[in-house]
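Q: This is the structure, below, for whatever I ask next.
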Amino acid sequence: MDERATLHGMNIDDAYVVERRLAHGPAGTTELVTLGDAGPFVRKRLPRERAHRVVWAVLSQCESPRLPRIRTTYELPDEFVVVCDYVPGDTLAEVVERDGALAPERARALAHDLCEALADLHAHGAVHRDVAPANIVLAKDGAHLIDFGCAGVPALEDDSQENPQGTWGFAAPEQHGFTMVDARADLYAVGRVVAYAATGAPPEGNSARELRAHIAGLPEGLRAVIERACAFEPSARYQTAADLGAAFAGAAPDVGAGSQAASGQQAAEVQTVASAAASGNVPAPAAALASGGAPSPTVPPDFASYRPRRSLRRPLLAVATLVLVAAIACGAWLAAGGLFASADPAGDRGGDAQQGAVQQQDRVPSGGQTTVGAGASTDELVEEAAKALTITESSWYVSSGGFVRYAVGIANADDDVTALFPTVLITGRDADGNVLFSDTQVLNSLFPGETHYWGGQAGNGAAPASVEFSIARPGDWEVERGSGASSSYTVSGVTTSQDLLGGTVVTGELTFDAPGDEAYGGNQVAIVAIGRDAQGQMAWGEVGFVSEPAVGATVPFEVTSLGSDVPAYTTVEVHAYPW
């Protein structure tokens, strides 16, 4: 290696003070270090031949607070060294061994945090491949994913490379040699981790029968999500971390169910105000998970950082909180429907959240902008929305790993119907027209007259001959009569460059102009970069995320496409949406 780089690395290495050794083995040494008054930090000293440099490069581009924040990397004669922030807390394995099973709501909060981390990691092309209790730290601000010794970037690997086997009982079946491993292996592991956390018992095998027995005492909604996440065949699982996170968020709490994980807690049968998350198509809301105790008794984890934009949305949050707090004391009154009549601005949405069943009752206008149109049935509203939602343009190409990278625009041509969670269907076919894959991408609220853009990855590694884009028919809980507008942002200073891997990097600044009317929004902004060719046609699309600043404030952003196979483009435009 370059002598100057070695000297530079040695100078950096000498500046850190080792406080204590955390781990040591063939895979390297992990230390707790400080740098002057700064720190502590975690320093990983990896043998040069075992260092996955591209993984650490990818992690440095990720923005999720659930992933390691890389401070620096440097080379020594025999080692590759990574320094990242230290996250204080116990591992999930330590917490469960000490305190027993987590309550179902805490397990769902854990699932949210893991899916948030994996969504960012997968969007950058990397797969963790060892999501297990020992590799999850429960800190005061939630769960953090650590230990990337098995991680890789499938697009840069070939069939001759062996699959890292991960942790027995949590690793997906394909990690034991059945097929190539992709992001869906991580989703399998999340399902197994949540099962372990909610039951307090480790897996005893990896068969469907064993899993059903393992989670038999859990609430029905939670069981259904875990079973699908842990399907033997990857195509039968949830296909993205966002989909899995939304499914866990929408899983019915089943508070009255005799869950062994909830033993010792007071249970009450409460009618659940089922929001649009019942469809499994909602970006998972943030949830706090402190290692030292359960979430706040007055704020359910699903609503811990739920941020309705305007006052017409606030009744849903307030009522959902009051229902859970007051259910036992006011059971008779709740059963009479006194509170639920105004729980939802668009109407009463009861029913089984996991199955997405909606019990239609008398709809009561909220007094705000959004009401059900006089004389319009739910079926008519859905039909109107289905006709109004159209794909305006799209493009796709096959990346080096056989996956499809795509860009798509979706418009709402109606003048008074809002699509809460428009869903794009992406179908790949071979030369004979046979379906190779079918993926979905859920977007946030699309108000009348708006067009939103998106870019991402689809497929399963089997390069298609053609790709079709269409819009799923919305469910009756996914449409509203009413006007409104999405949160508005100004994008400035957009520039493009290339990273060391040949990927296209789009940077700039985002200013939060004004909050909008979307029913659901987390604390992030989706940054969508669309490249266009000389004729103005879409060439590619990529998505990145930043934490939403305060109104009027500005933050920098970066959107990166991993790999050098991005189609030629002449211009780049950037769009921003609440997420």
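Convention: chains lettered A, B, ... in structure tokens order; per-chain residue numbering from 1; ligands numbered from 1 as shown.
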Just want the 10 Å neighbourhood of Leu510 (chain A), counted on only C-alpha atoms, with same-chain residues fewer than 3 positions away dropped. Output as a PyMOL selection string.

A: chain A and resi 489-494+507+513+525+527+546+548-549+552-557+574-576

Q: Quick one: DSSP strand (DSSP E or B) residues in region 352-489 of chain A, as a PyMOL selection string?

A: chain A and resi 359+389-398+404-412+417-419+423-429+435-442+446+451-458+466-471+479-481+488-489

Q: Taking only C-alpha atoms into account, name the residue in A:Val153, A:Ala27, A:Ala472, A:Ala117 that is nearest to Ile410 (chain A).

A: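 Of all the options, A:Ala472 lies closest to Ile410 (chain A).
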
Q: Can you tell me which residues surround region 10-16 of chain A at a distance of at most 6 Å, considering only C-alpha atoms, apart from same-chain residues fewer than 2 positions away, and format the answer as a PyMOL selection string?

A: chain A and resi 7-8+34-35

Q: If DSSP is run on the backbone, what residues of region 9-246 of chain A are alpha helix (DSSP H)? A reply as number ranges by chain would be ideal.

A: A: 9-15, 53-61, 92-99, 104-123, 183-199, 208-214, 220-229, 241-246

Q: Quick one: residues within 10 Å of His24 (chain A), only C-alpha atoms, excluding same-chain residues fewer than 5 positions away - as a PyMOL selection string?

A: chain A and resi 29-31+44-45

Q: One decimal, Å: what's the distance from CA of Ser60 (chain A) over to CA of Leu76 (chain A), could you say?

A: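 That distance, rounded to one decimal, is 19.5 Å.
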
Q: Determine, for each residue of region 397-457 of chain A having at least one atom at most 12 Å from an atom of region 180-197 of chain A, the closest pair of atoms and their separation in Å to one decimal, counting only C-alpha atoms; order by chain and ascending number, as a tab-separated table.

A:
```
residue	atom	partner	partner_atom	distance
A:Gly401	CA	A:Asp182	CA	10.2
A:Gly402	CA	A:Asp182	CA	11.5
A:Phe403	CA	A:Asp182	CA	10.3
A:Gln457	CA	A:Ala183	CA	11.0
```

Q: Could those residues be written to a file, using all heavy atoms, as a PDB file, in the first residue's frame?

A:
```
ATOM      1  N   GLY A 401     -26.400  -6.450 -10.901  1.00  0.00           N
ATOM      2  CA  GLY A 401     -26.802  -7.610 -10.117  1.00  0.00           C
ATOM      3  C   GLY A 401     -28.067  -8.273 -10.618  1.00  0.00           C
ATOM      4  O   GLY A 401     -28.561  -9.222  -9.995  1.00  0.00           O
ATOM      5  N   GLY A 402     -28.625  -7.810 -11.744  1.00  0.00           N
ATOM      6  CA  GLY A 402     -29.844  -8.385 -12.273  1.00  0.00           C
ATOM      7  C   GLY A 402     -31.111  -7.753 -11.735  1.00  0.00           C
ATOM      8  O   GLY A 402     -32.213  -8.103 -12.163  1.00  0.00           O
ATOM      9  N   PHE A 403     -30.957  -6.812 -10.784  1.00  0.00           N
ATOM     10  CA  PHE A 403     -32.124  -6.129 -10.241  1.00  0.00           C
ATOM     11  C   PHE A 403     -32.511  -4.953 -11.144  1.00  0.00           C
ATOM     12  O   PHE A 403     -31.691  -4.446 -11.919  1.00  0.00           O
ATOM     13  CB  PHE A 403     -31.850  -5.618  -8.825  1.00  0.00           C
ATOM     14  CG  PHE A 403     -31.727  -6.719  -7.807  1.00  0.00           C
ATOM     15  CD1 PHE A 403     -30.512  -7.356  -7.580  1.00  0.00           C
ATOM     16  CD2 PHE A 403     -32.831  -7.125  -7.079  1.00  0.00           C
ATOM     17  CE1 PHE A 403     -30.397  -8.375  -6.654  1.00  0.00           C
ATOM     18  CE2 PHE A 403     -32.733  -8.146  -6.144  1.00  0.00           C
ATOM     19  CZ  PHE A 403     -31.513  -8.780  -5.932  1.00  0.00           C
ATOM     20  N   GLN A 457     -35.416   0.340  -6.401  1.00  0.00           N
ATOM     21  CA  GLN A 457     -35.008  -0.969  -6.901  1.00  0.00           C
ATOM     22  C   GLN A 457     -36.160  -1.950  -6.783  1.00  0.00           C
ATOM     23  O   GLN A 457     -36.923  -1.916  -5.821  1.00  0.00           O
ATOM     24  CB  GLN A 457     -33.810  -1.488  -6.100  1.00  0.00           C
ATOM     25  CG  GLN A 457     -33.353  -2.900  -6.504  1.00  0.00           C
ATOM     26  CD  GLN A 457     -32.099  -3.320  -5.786  1.00  0.00           C
ATOM     27  OE1 GLN A 457     -31.029  -2.782  -6.038  1.00  0.00           O
ATOM     28  NE2 GLN A 457     -32.211  -4.281  -4.874  1.00  0.00           N
TER      29      GLN A 457
END
```
